[in-house]
file upload04.cif (mmCIF, C-alpha atoms)
data_query
loop_
_atom_site.label_atom_id
_atom_site.label_comp_id
_atom_site.auth_asym_id
_atom_site.auth_seq_id
_atom_site.Cartn_x
_atom_site.Cartn_y
_atom_site.Cartn_z
CA MET C 1 133.93 -287.34 -6.37
CA ALA C 2 133.71 -290.42 -4.14
CA GLU C 3 131.55 -288.57 -1.67
CA ASN C 4 129.10 -287.54 -4.38
CA LYS C 5 128.66 -291.12 -5.56
CA GLY C 6 127.96 -292.27 -2.03
CA GLU C 7 125.34 -289.59 -1.54
CA LYS C 8 123.64 -290.44 -4.83
CA GLY C 9 123.54 -294.15 -4.04
CA GLY C 10 121.98 -293.45 -0.65
CA THR C 11 119.19 -291.41 -2.24
CA ILE C 12 118.27 -294.14 -4.71
CA GLY C 13 118.15 -296.73 -1.96
CA ALA C 14 115.77 -294.59 0.08
CA VAL C 15 113.36 -294.27 -2.84
CA ILE C 16 113.37 -298.00 -3.53
CA GLY C 17 112.69 -298.71 0.11
CA THR C 18 109.72 -296.39 0.14
CA VAL C 19 108.16 -298.07 -2.91
CA VAL C 20 108.62 -301.56 -1.46
CA LEU C 21 107.03 -300.46 1.81
CA ALA C 22 103.97 -299.07 -0.03
CA VAL C 23 103.51 -302.30 -1.95
CA VAL C 24 103.73 -304.39 1.19
CA CYS C 25 101.12 -302.20 2.89
CA ALA C 26 98.72 -302.47 -0.01
CA VAL C 27 99.01 -306.24 -0.18
CA GLY C 28 98.54 -306.51 3.53
CA GLY C 29 95.46 -304.32 3.45
CA TRP C 30 93.86 -306.44 0.72
CA ILE C 31 94.58 -309.67 2.65
CA ALA C 32 93.12 -308.16 5.79
CA ARG C 33 89.95 -307.00 3.90
CA GLU C 34 89.35 -310.51 2.60
CA LEU C 35 89.84 -312.05 6.07
CA ILE C 36 87.46 -309.69 7.87
CA PRO C 37 83.72 -310.69 7.45
CA HIS C 38 81.46 -308.06 5.71
CA GLU C 39 78.09 -307.77 3.83
CA LYS C 40 77.99 -307.94 0.03
CA PRO C 41 76.37 -305.01 -1.83
CA VAL C 42 72.76 -305.58 -3.03
CA ALA C 43 71.99 -305.07 -6.75
CA VAL C 44 69.62 -302.13 -7.36
CA ASN C 45 66.55 -302.66 -9.62
CA PRO C 46 66.05 -299.49 -11.73
CA LEU C 47 62.22 -300.04 -11.98
CA ALA C 48 62.11 -300.55 -8.20
CA ALA C 49 64.12 -297.38 -7.71
CA MET C 50 61.61 -295.51 -9.94
CA ALA C 51 58.51 -297.10 -8.38
CA GLY C 52 57.90 -294.12 -6.23
CA MET C 53 58.43 -291.62 -9.07
CA PRO C 54 55.41 -290.90 -11.31
CA GLN C 55 55.93 -291.20 -15.08
CA THR C 56 55.52 -287.87 -16.87
CA VAL C 57 53.03 -288.07 -19.73
CA ALA C 58 51.33 -285.60 -22.05
CA VAL C 59 47.55 -285.86 -22.00
CA THR C 60 44.45 -284.42 -23.58
CA ASN C 61 40.71 -284.77 -23.08
CA VAL C 62 38.29 -286.75 -25.20
CA GLU C 63 36.40 -284.18 -27.31
CA MET C 64 33.23 -284.29 -29.37
CA LYS C 65 34.27 -283.63 -32.97
CA ALA C 66 32.47 -283.70 -36.29
CA TYR C 67 33.42 -286.70 -38.41
CA ASN C 68 33.28 -286.03 -42.13
CA LEU C 69 35.81 -288.27 -43.82
CA PRO C 70 34.80 -288.28 -47.51
CA GLU C 71 34.29 -291.56 -49.33
CA LYS C 72 35.88 -291.75 -52.76
CA PHE C 73 34.50 -293.29 -55.94
CA VAL C 74 35.81 -293.53 -59.47
CA ALA C 75 33.06 -291.82 -61.47
CA HIS C 76 32.25 -291.30 -65.13
CA ALA C 77 31.04 -288.04 -66.67
CA GLU C 78 28.38 -288.50 -69.32
CA ALA C 79 26.03 -286.32 -71.30
CA VAL C 80 22.38 -286.29 -70.30
CA GLN C 81 21.45 -286.16 -74.00
CA GLU C 82 23.27 -286.53 -77.29
CA VAL C 83 21.72 -286.38 -80.75
CA ASP C 84 22.93 -287.38 -84.22
CA LEU C 85 21.67 -284.83 -86.75
CA LEU C 86 20.14 -286.90 -89.54
CA PRO C 87 18.65 -285.11 -92.56
CA GLN C 88 14.94 -285.87 -92.90
CA VAL C 89 14.93 -285.22 -96.67
CA ASP C 90 17.52 -285.46 -99.42
CA GLY C 91 19.07 -282.56 -101.23
CA TYR C 92 22.16 -280.43 -101.75
CA ILE C 93 23.50 -278.34 -98.86
CA LYS C 94 23.05 -274.65 -99.63
CA GLU C 95 24.11 -273.11 -96.27
CA ILE C 96 25.92 -274.10 -93.07
CA LEU C 97 25.10 -271.64 -90.30
CA PHE C 98 27.43 -272.71 -87.47
CA LYS C 99 31.09 -273.29 -86.69
CA GLU C 100 32.28 -276.68 -85.56
CA GLY C 101 32.53 -276.79 -81.77
CA ASP C 102 29.93 -274.05 -81.23
CA VAL C 103 27.46 -274.23 -78.37
CA VAL C 104 24.06 -274.21 -80.05
CA THR C 105 20.56 -273.80 -78.62
CA ALA C 106 17.46 -275.85 -79.30
CA GLY C 107 15.67 -274.60 -82.45
CA GLN C 108 18.76 -272.91 -83.90
CA LEU C 109 19.04 -273.19 -87.69
CA LEU C 110 22.14 -275.20 -88.65
CA TYR C 111 21.85 -276.45 -92.27
CA VAL C 112 19.79 -275.23 -95.22
CA LEU C 113 19.18 -277.60 -98.14
CA ASP C 114 18.16 -276.60 -101.64
CA ASP C 115 14.36 -276.48 -101.25
CA GLU C 116 13.10 -275.44 -104.70
CA ARG C 117 11.82 -278.93 -105.42
CA TYR C 118 10.00 -279.11 -102.13
CA GLN C 119 8.51 -275.65 -102.59
CA ALA C 120 7.20 -276.71 -105.99
CA VAL C 121 5.56 -279.77 -104.46
CA VAL C 122 3.91 -277.58 -101.83
CA ASN C 123 2.52 -275.30 -104.56
CA GLN C 124 1.19 -278.32 -106.46
CA ARG C 125 -0.49 -279.71 -103.33
CA LYS C 126 -2.11 -276.37 -102.63
CA ALA C 127 -3.52 -276.36 -106.17
CA ASP C 128 -4.80 -279.89 -105.72
CA LEU C 129 -6.51 -278.83 -102.52
CA SER C 130 -8.17 -275.88 -104.19
CA ALA C 131 -9.52 -278.10 -106.99
CA ALA C 132 -10.77 -280.66 -104.49
CA GLU C 133 -12.52 -277.99 -102.42
CA ALA C 134 -14.19 -276.61 -105.59
CA GLU C 135 -15.40 -280.08 -106.50
CA GLU C 136 -16.70 -280.52 -102.97
CA ARG C 137 -18.70 -277.30 -103.16
CA ARG C 138 -20.19 -278.25 -106.55
CA THR C 139 -21.26 -281.73 -105.48
CA GLN C 140 -22.63 -280.33 -102.24
CA ARG C 141 -24.91 -277.87 -104.07
CA TYR C 142 -26.08 -280.60 -106.45
CA PHE C 143 -26.85 -282.98 -103.61
CA GLU C 144 -28.78 -280.29 -101.74
CA ARG C 145 -30.90 -279.55 -104.86
CA MET C 146 -31.65 -283.21 -105.27
CA GLN C 147 -32.80 -283.39 -101.67
CA LYS C 148 -35.18 -280.47 -102.18
CA ALA C 149 -36.55 -281.70 -105.50
CA ASP C 150 -39.98 -283.31 -105.82
CA SER C 151 -39.63 -286.99 -105.20
CA ARG C 152 -41.83 -287.62 -108.28
CA GLY C 153 -39.27 -285.90 -110.53
CA ILE C 154 -36.14 -287.87 -109.49
CA THR C 155 -35.39 -291.46 -108.89
CA GLU C 156 -33.87 -292.96 -105.76
CA LYS C 157 -30.76 -293.83 -107.72
CA GLU C 158 -30.18 -290.24 -108.80
CA LEU C 159 -30.36 -289.09 -105.19
CA ASP C 160 -27.94 -291.79 -104.09
CA ASP C 161 -25.51 -290.90 -106.89
CA ALA C 162 -25.58 -287.22 -105.87
CA GLU C 163 -24.86 -288.11 -102.25
CA ALA C 164 -22.03 -290.44 -103.27
CA ALA C 165 -20.45 -287.77 -105.46
CA TYR C 166 -20.57 -285.32 -102.57
CA GLU C 167 -19.00 -287.78 -100.14
CA SER C 168 -16.29 -288.60 -102.66
CA ALA C 169 -15.52 -284.91 -103.11
CA LYS C 170 -15.18 -284.49 -99.35
CA ALA C 171 -12.76 -287.41 -99.22
CA LYS C 172 -10.68 -285.88 -102.00
CA VAL C 173 -10.44 -282.65 -99.98
CA MET C 174 -9.19 -284.58 -96.99
CA GLN C 175 -6.64 -286.37 -99.16
CA ALA C 176 -5.46 -283.11 -100.68
CA LYS C 177 -5.03 -281.59 -97.23
CA ALA C 178 -2.98 -284.58 -96.11
CA ASN C 179 -0.78 -284.35 -99.20
CA LEU C 180 -0.22 -280.66 -98.50
CA VAL C 181 0.81 -281.39 -94.91
CA VAL C 182 3.41 -283.92 -96.13
CA ALA C 183 4.72 -281.49 -98.75
CA GLU C 184 4.98 -278.69 -96.21
CA TYR C 185 6.75 -281.05 -93.80
CA ASP C 186 9.33 -281.93 -96.45
CA LEU C 187 9.81 -278.25 -97.22
CA LYS C 188 10.28 -277.52 -93.51
CA LYS C 189 12.79 -280.34 -93.12
CA ALA C 190 14.94 -278.84 -95.83
CA LYS C 191 16.11 -276.64 -92.94
CA VAL C 192 17.93 -278.63 -90.25
CA VAL C 193 17.62 -277.17 -86.75
CA ALA C 194 19.13 -278.21 -83.41
CA PRO C 195 16.72 -280.45 -81.46
CA ILE C 196 18.58 -279.86 -78.16
CA SER C 197 21.00 -277.34 -76.69
CA GLY C 198 24.62 -278.41 -76.45
CA GLN C 199 27.97 -278.45 -78.19
CA ILE C 200 28.02 -279.42 -81.85
CA GLY C 201 30.93 -281.43 -83.17
CA LYS C 202 32.54 -281.89 -86.56
CA THR C 203 30.31 -281.67 -89.62
CA THR C 204 30.46 -284.58 -92.03
CA ALA C 205 28.92 -282.63 -94.92
CA HIS C 206 29.91 -279.37 -96.55
CA LEU C 207 28.46 -276.82 -98.97
CA GLY C 208 27.26 -278.45 -102.17
CA ASP C 209 27.28 -281.98 -100.75
CA TYR C 210 24.28 -284.16 -101.49
CA VAL C 211 22.81 -285.56 -98.29
CA ALA C 212 20.04 -288.05 -97.57
CA PRO C 213 18.64 -289.84 -94.50
CA LEU C 214 20.38 -293.10 -95.42
CA LYS C 215 23.78 -291.45 -95.89
CA GLY C 216 24.35 -290.92 -92.16
CA ALA C 217 24.46 -288.10 -89.63
CA LEU C 218 25.50 -284.58 -90.53
CA ALA C 219 26.92 -283.85 -87.04
CA LYS C 220 26.44 -284.73 -83.37
CA ILE C 221 25.17 -282.44 -80.60
CA VAL C 222 26.08 -283.31 -77.01
CA GLN C 223 24.37 -281.65 -74.06
CA ILE C 224 27.05 -280.25 -71.74
CA ASP C 225 25.09 -278.34 -69.09
CA PRO C 226 24.05 -279.93 -66.84
CA MET C 227 26.35 -282.93 -66.92
CA ARG C 228 25.59 -286.34 -65.44
CA VAL C 229 28.15 -288.20 -63.30
CA SER C 230 27.62 -291.93 -62.67
CA PHE C 231 29.33 -294.22 -60.16
CA PRO C 232 28.79 -297.81 -58.92
CA LEU C 233 27.43 -298.50 -55.43
CA THR C 234 27.77 -301.99 -53.95
CA ASP C 235 24.63 -304.00 -53.29
CA ARG C 236 25.17 -303.88 -49.51
CA ALA C 237 25.70 -300.12 -49.45
CA TYR C 238 22.66 -299.61 -51.66
CA ILE C 239 20.43 -301.73 -49.40
CA ALA C 240 21.72 -299.89 -46.30
CA TRP C 241 20.94 -296.56 -47.96
CA ARG C 242 17.43 -297.69 -48.91
CA GLN C 243 16.79 -299.06 -45.40
CA ALA C 244 17.91 -295.75 -43.88
CA GLN C 245 15.53 -293.91 -46.21
CA LYS C 246 12.71 -296.24 -45.19
CA LYS C 247 13.38 -295.56 -41.48
CA GLY C 248 13.81 -291.84 -42.04
CA THR C 249 17.39 -291.91 -40.76
CA ALA C 250 19.18 -291.30 -44.05
CA LEU C 251 21.64 -288.40 -43.87
CA ASP C 252 22.06 -285.73 -46.48
CA PHE C 253 25.28 -286.02 -48.46
CA ARG C 254 27.47 -283.51 -50.23
CA MET C 255 28.59 -284.55 -53.70
CA ARG C 256 31.87 -283.07 -54.88
CA LEU C 257 34.32 -283.87 -57.67
CA ILE C 258 38.07 -283.97 -58.17
CA LEU C 259 38.91 -283.20 -61.79
CA PRO C 260 41.53 -285.17 -63.76
CA ASP C 261 44.15 -282.46 -63.07
CA GLY C 262 43.72 -282.93 -59.30
CA SER C 263 41.77 -279.71 -58.68
CA GLU C 264 38.44 -279.68 -56.85
CA TYR C 265 35.36 -278.80 -58.90
CA ASP C 266 33.73 -275.76 -57.34
CA ARG C 267 30.11 -276.87 -57.78
CA GLU C 268 28.19 -279.52 -55.87
CA GLY C 269 26.02 -282.16 -57.45
CA ALA C 270 22.44 -283.18 -56.83
CA TRP C 271 20.88 -286.63 -56.85
CA ASP C 272 19.52 -287.53 -60.28
CA PHE C 273 18.44 -291.18 -60.21
CA ASP C 274 19.65 -294.71 -59.54
CA ASP C 275 19.53 -297.52 -62.05
CA ASN C 276 16.77 -300.13 -62.07
CA GLN C 277 18.91 -303.27 -61.87
CA MET C 278 22.12 -304.63 -60.35
CA SER C 279 25.10 -305.71 -62.38
CA MET C 280 25.52 -309.48 -62.08
CA GLU C 281 29.26 -309.21 -62.76
CA THR C 282 30.11 -306.58 -60.12
CA ALA C 283 27.18 -306.85 -57.65
CA SER C 284 26.76 -303.10 -57.86
CA ILE C 285 24.15 -300.65 -59.08
CA MET C 286 24.86 -297.50 -61.07
CA MET C 287 23.97 -294.23 -59.32
CA ARG C 288 23.73 -290.94 -61.19
CA LEU C 289 24.21 -287.33 -60.12
CA SER C 290 23.63 -284.06 -61.91
CA PHE C 291 26.26 -281.30 -61.89
CA PRO C 292 26.02 -277.76 -63.32
CA ASN C 293 28.65 -277.35 -66.04
CA PRO C 294 28.55 -273.76 -67.37
CA GLU C 295 32.35 -273.55 -67.74
CA ARG C 296 32.46 -276.93 -69.56
CA LEU C 297 35.08 -278.34 -67.19
CA LEU C 298 33.23 -281.66 -67.11
CA ILE C 299 33.79 -283.45 -70.41
CA PRO C 300 31.57 -286.31 -71.59
CA ASN C 301 33.20 -289.75 -71.24
CA SER C 302 35.96 -288.47 -68.93
CA TYR C 303 36.74 -290.01 -65.52
CA VAL C 304 36.63 -288.00 -62.30
CA THR C 305 36.88 -288.75 -58.58
CA LEU C 306 33.65 -288.40 -56.64
CA LEU C 307 33.85 -287.35 -52.98
CA THR C 308 30.79 -287.94 -50.82
CA ASP C 309 30.54 -286.67 -47.25
CA TYR C 310 27.84 -285.41 -44.91
CA ALA C 311 26.11 -282.07 -45.36
CA GLU C 312 25.67 -282.04 -41.56
CA PRO C 313 28.35 -284.41 -40.23
CA PRO C 314 27.71 -286.51 -37.09
CA LYS C 315 29.85 -285.97 -33.98
CA TYR C 316 31.74 -288.61 -32.00
CA PRO C 317 33.94 -288.64 -28.88
CA SER C 318 37.39 -288.31 -30.46
CA VAL C 319 41.04 -288.58 -29.50
CA PRO C 320 44.23 -287.54 -31.33
CA GLN C 321 45.58 -290.16 -33.65
CA GLN C 322 48.79 -290.59 -31.58
CA ALA C 323 46.75 -291.75 -28.57
CA ILE C 324 45.82 -294.98 -30.36
CA PHE C 325 48.10 -298.02 -30.06
CA ASP C 326 47.83 -301.55 -31.41
CA LEU C 327 46.74 -304.51 -29.31
CA PRO C 328 46.96 -308.24 -30.05
CA GLY C 329 44.29 -309.68 -32.30
CA GLY C 330 44.01 -306.62 -34.51
CA LYS C 331 42.42 -304.51 -31.78
CA VAL C 332 43.43 -301.02 -30.66
CA GLY C 333 43.51 -299.28 -27.31
CA VAL C 334 44.31 -296.08 -25.42
CA TRP C 335 45.84 -295.24 -22.07
CA VAL C 336 43.21 -293.63 -19.86
CA VAL C 337 44.15 -291.51 -16.83
CA LYS C 338 41.87 -292.20 -13.86
CA GLU C 339 40.94 -289.83 -11.05
CA ASP C 340 43.74 -291.14 -8.77
CA SER C 341 46.37 -290.22 -11.45
CA THR C 342 46.95 -293.86 -12.39
CA VAL C 343 46.59 -295.19 -15.92
CA GLU C 344 44.74 -298.13 -17.39
CA SER C 345 44.85 -299.68 -20.84
CA ARG C 346 41.41 -299.68 -22.44
CA THR C 347 40.31 -301.37 -25.65
CA VAL C 348 38.34 -299.06 -27.97
CA LYS C 349 36.53 -299.30 -31.29
CA THR C 350 37.34 -296.52 -33.74
CA ARG C 351 36.74 -295.30 -37.26
CA ASP C 352 39.43 -294.11 -39.66
CA ALA C 353 41.25 -290.95 -38.63
CA PHE C 354 39.93 -287.62 -39.88
CA MET C 355 41.88 -284.37 -39.53
CA GLY C 356 44.32 -286.06 -37.12
CA TRP C 357 41.60 -287.36 -34.77
CA ASN C 358 40.05 -290.81 -34.42
CA PRO C 359 36.31 -291.01 -33.63
CA ILE C 360 35.57 -293.49 -30.85
CA LEU C 361 32.56 -295.73 -31.39
CA GLU C 362 32.97 -297.74 -28.17
CA GLY C 363 35.14 -297.54 -25.05
CA LEU C 364 35.46 -293.81 -24.25
CA ASN C 365 33.25 -290.93 -23.20
CA GLU C 366 33.57 -287.22 -23.73
CA GLY C 367 35.74 -285.53 -21.09
CA GLU C 368 37.89 -288.52 -20.16
CA THR C 369 41.66 -287.98 -20.18
CA VAL C 370 43.95 -289.99 -22.45
CA VAL C 371 47.72 -290.16 -22.83
CA ILE C 372 49.14 -289.01 -26.15
CA SER C 373 52.91 -289.16 -25.48
CA GLY C 374 55.28 -290.80 -22.99
CA VAL C 375 53.60 -294.19 -23.22
CA ALA C 376 56.72 -296.33 -23.72
CA LYS C 377 57.12 -297.29 -20.01
CA LEU C 378 53.48 -297.22 -18.94
CA GLN C 379 51.92 -300.12 -17.08
CA SER C 380 48.37 -300.46 -15.82
CA GLY C 381 48.04 -298.96 -12.35
CA MET C 382 51.18 -296.81 -12.68
CA LYS C 383 51.10 -293.29 -11.25
CA VAL C 384 51.64 -290.54 -13.78
CA ALA C 385 52.40 -286.86 -13.72
CA LEU C 386 50.34 -284.95 -16.26
CA VAL C 387 51.63 -282.25 -18.60
CA ALA C 388 49.94 -280.44 -21.46
CA PRO C 389 50.85 -281.58 -24.97
CA THR C 390 53.14 -279.47 -27.12
CA PRO C 391 50.93 -277.27 -29.31
CA ASN C 392 50.64 -278.56 -32.86
CA GLU C 393 48.15 -278.50 -35.69
CA ASP C 394 46.74 -281.95 -34.81
CA ILE C 395 45.84 -280.94 -31.23
CA THR C 396 45.18 -277.22 -31.51
CA ALA C 397 42.69 -276.18 -34.19
CA ASP C 398 43.97 -272.57 -34.38
CA PHE C 399 47.65 -273.53 -34.17
CA LYS C 400 50.00 -271.29 -36.18
CA PRO C 401 53.64 -272.34 -36.45
CA SER C 402 56.29 -269.79 -35.52
CA ILE C 403 58.94 -268.55 -37.95
CA GLU C 404 61.51 -270.84 -36.31
CA ASP C 405 59.29 -273.88 -37.03
#
call {"tool": "encode", "arguments": {"input": "upload04.cif", "output": "structure tokens"}}
result
Amino acid sequence: MAENKGEKGGTIGAVIGTVVLAVVCAVGGWIARELIPHEKPVAVNPLAAMAGMPQTVAVTNVEMKAYNLPEKFVAHAEAVQEVDLLPQVDGYIKEILFKEGDVVTAGQLLYVLDDERYQAVVNQRKADLSAAEAEERRTQRYFERMQKADSRGITEKELDDAEAAYESAKAKVMQAKANLVVAEYDLKKAKVVAPISGQIGKTTAHLGDYVAPLKGALAKIVQIDPMRVSFPLTDRAYIAWRQAQKKGTALDFRMRLILPDGSEYDREGAWDFDDNQMSMETASIMMRLSFPNPERLLIPNSYVTLLTDYAEPPKYPSVPQQAIFDLPGGKVGVWVVKEDSTVESRTVKTRDAFMGWNPILEGLNEGETVVISGVAKLQSGMKVALVAPTPNEDITADFKPSIED
């Protein structure tokens, strides 16, 4: 037992000695490292380390593209014509020959009034005319005999009286004819016809009702095809349009509508006329278009959205919308890749984006190369490595997403 304890104690002492020796060596090595002169490590600048490595960017070329961004106006649909049906004569309604809401045509018979009284007046006026014509013929024959008679057998007064009687008879014929025309007009107006084609509304009178001109309209007819659409144009826009017409540079426009339910109206409008004075309150002038309306989708007094764009749109050098970035002072710019594969920031003047592309009015030419992604670390004069952009519907016109997309 005593021998075992001695052996165990010797083993523990050897281990402790080894550990102490290792610690002493480590401390000594550290002291020696501090005493020996050496160079300190230099801090590495990441941008300096990357200076020789070109930045990878996706690019595309400036392309000529048609620009046809529609301008929107709040417009008002209105009937070209609307007519209140007023009875021209009084009487009791005998027939109503339409249904409320019907589309009627000009000349269509709508109401029939009791016309016995007017027919009787016509008959009386015809009789008066016949009597007047008979009197005219009698006085004419008498006057002609007096003219042929021997001047020694008649006096001048008798001849004058015969001529006066004849002239009076002729006047009575003319009066009788006029009275007959009035009577026939009243008889005709006992039948109320549509003066225009359109949709007739609610009738205010019914069978057996007594109507008269002073009692108000029987119904209203509103023309529904074609329909007129009016919208305000500012004074500046109107003058610019007129100046372009004067110079012969005015472009043809397409006129389309968005209906109140959000759907697009499938027929285009044509220019009708512009108003003859500006509004002092809004500094705008009312412009009017004409739209076919056979399906009656345009309703008088409703509001629609008018879209105007070019029939033959102009083309501009254009870049994808993501190539544009903001600059101080409200300006915008693009990164342009030069022939030596370096980039430069260039200020451009653009119009609003259309179909994902911005037309460039100033600053770029067709065929130049611009950066559309990877611009975060770009600096003017930096070398870049060019890659094609990932296909998408903004860049590729015939792009079709895969099932995975």
call {"tool": "closest_residue", "arguments": {"input": "upload04.cif", "among": "C:Ala212, C:Ala58, C:Leu129, C:Ile96", "to": "Gln322 in chain C", "atoms": "all atoms listed in the file"}}
result
C:Ala58
call {"tool": "closest_atom_pairs", "arguments": {"input": "upload04.cif", "of": "range 218-265 of chain C", "to": "range 305-321 of chain C", "cutoff": "6 Å", "atoms": "all atoms listed in the file", "output": "Markdown table"}}
result
| residue | atom | partner | partner_atom | distance |
| --- | --- | --- | --- | --- |
| C:Asp252 | CA | C:Ala311 | CA | 5.6 |
| C:Phe253 | CA | C:Tyr310 | CA | 4.4 |
| C:Arg254 | CA | C:Ala311 | CA | 5.3 |
| C:Met255 | CA | C:Thr308 | CA | 5.0 |
| C:Arg256 | CA | C:Leu307 | CA | 5.1 |
| C:Leu257 | CA | C:Leu306 | CA | 4.7 |
| C:Ile258 | CA | C:Thr305 | CA | 4.9 |
call {"tool": "residues_near_point", "arguments": {"input": "upload04.cif", "point": "(13.8, -289.6, -95.2)", "cutoff": "10 Å", "atoms": "only C-alpha atoms", "output": "PyMOL selection string"}}
result
chain C and resi 86-90+186+189+212-214
call {"tool": "atom_distance", "arguments": {"input": "upload04.cif", "atom1": "CA of Tyr185 in chain C", "atom2": "CA of Asn123 in chain C"}}
result
12.9 Å
call {"tool": "closest_residue", "arguments": {"input": "upload04.cif", "among": "C:Ser373, C:Ser380, C:Ser197, C:Gln243", "to": "Gly107 in chain C", "atoms": "all atoms listed in the file"}}
result
C:Ser197
call {"tool": "axis_aligned_box", "arguments": {"input": "upload04.cif", "around": "range 232-240 of chain C", "padding_each_side": "3 Å", "output": "JSON"}}
result
{"center_x": 24.6, "center_y": -300.9, "center_z": -52.6, "size_x": 14.4, "size_y": 12.2, "size_z": 18.6}
call {"tool": "closest_residue", "arguments": {"input": "upload04.cif", "among": "C:Lys170, C:Lys331, C:Arg152, C:Lys99", "to": "Glu133 in chain C", "atoms": "only C-alpha atoms"}}
result
C:Lys170
call {"tool": "build_atoms", "arguments": {"input": "upload04.cif", "residues": "range 176-187 of chain C", "atoms": "N, CA, C and O atoms", "output": "compact mmCIF listing (two decimals), keeping the file's coordinate frame"}}
result
# COMPACT_ATOMS: atom_id res chain seq x y z
N ALA C 176 -6.28 -284.24 -100.21
CA ALA C 176 -5.46 -283.11 -100.68
C ALA C 176 -4.85 -282.37 -99.50
O ALA C 176 -3.69 -281.93 -99.56
N LYS C 177 -5.58 -282.24 -98.42
CA LYS C 177 -5.03 -281.59 -97.23
C LYS C 177 -3.87 -282.39 -96.65
O LYS C 177 -2.85 -281.84 -96.24
N ALA C 178 -4.05 -283.72 -96.62
CA ALA C 178 -2.98 -284.58 -96.11
C ALA C 178 -1.73 -284.48 -96.98
O ALA C 178 -0.60 -284.41 -96.48
N ASN C 179 -1.92 -284.47 -98.29
CA ASN C 179 -0.78 -284.35 -99.20
C ASN C 179 -0.07 -283.02 -99.01
O ASN C 179 1.17 -282.94 -99.10
N LEU C 180 -0.83 -281.97 -98.72
CA LEU C 180 -0.22 -280.66 -98.50
C LEU C 180 0.60 -280.65 -97.21
O LEU C 180 1.69 -280.07 -97.16
N VAL C 181 0.06 -281.32 -96.18
CA VAL C 181 0.81 -281.39 -94.91
C VAL C 181 2.16 -282.09 -95.12
O VAL C 181 3.20 -281.64 -94.62
N VAL C 182 2.16 -283.19 -95.87
CA VAL C 182 3.41 -283.92 -96.13
C VAL C 182 4.38 -283.04 -96.92
O VAL C 182 5.58 -282.99 -96.62
N ALA C 183 3.86 -282.35 -97.93
CA ALA C 183 4.72 -281.49 -98.75
C ALA C 183 5.30 -280.36 -97.91
O ALA C 183 6.49 -280.01 -98.06
N GLU C 184 4.47 -279.77 -97.07
CA GLU C 184 4.98 -278.69 -96.21
C GLU C 184 5.99 -279.21 -95.19
O GLU C 184 6.96 -278.51 -94.84
N TYR C 185 5.79 -280.45 -94.73
CA TYR C 185 6.75 -281.05 -93.80
C TYR C 185 8.10 -281.24 -94.49
O TYR C 185 9.15 -280.92 -93.92
N ASP C 186 8.08 -281.75 -95.71
CA ASP C 186 9.33 -281.93 -96.45
C ASP C 186 10.02 -280.59 -96.69
O ASP C 186 11.25 -280.50 -96.59
N LEU C 187 9.24 -279.58 -97.02
CA LEU C 187 9.81 -278.25 -97.22
C LEU C 187 10.45 -277.73 -95.92
O LEU C 187 11.54 -277.17 -95.93
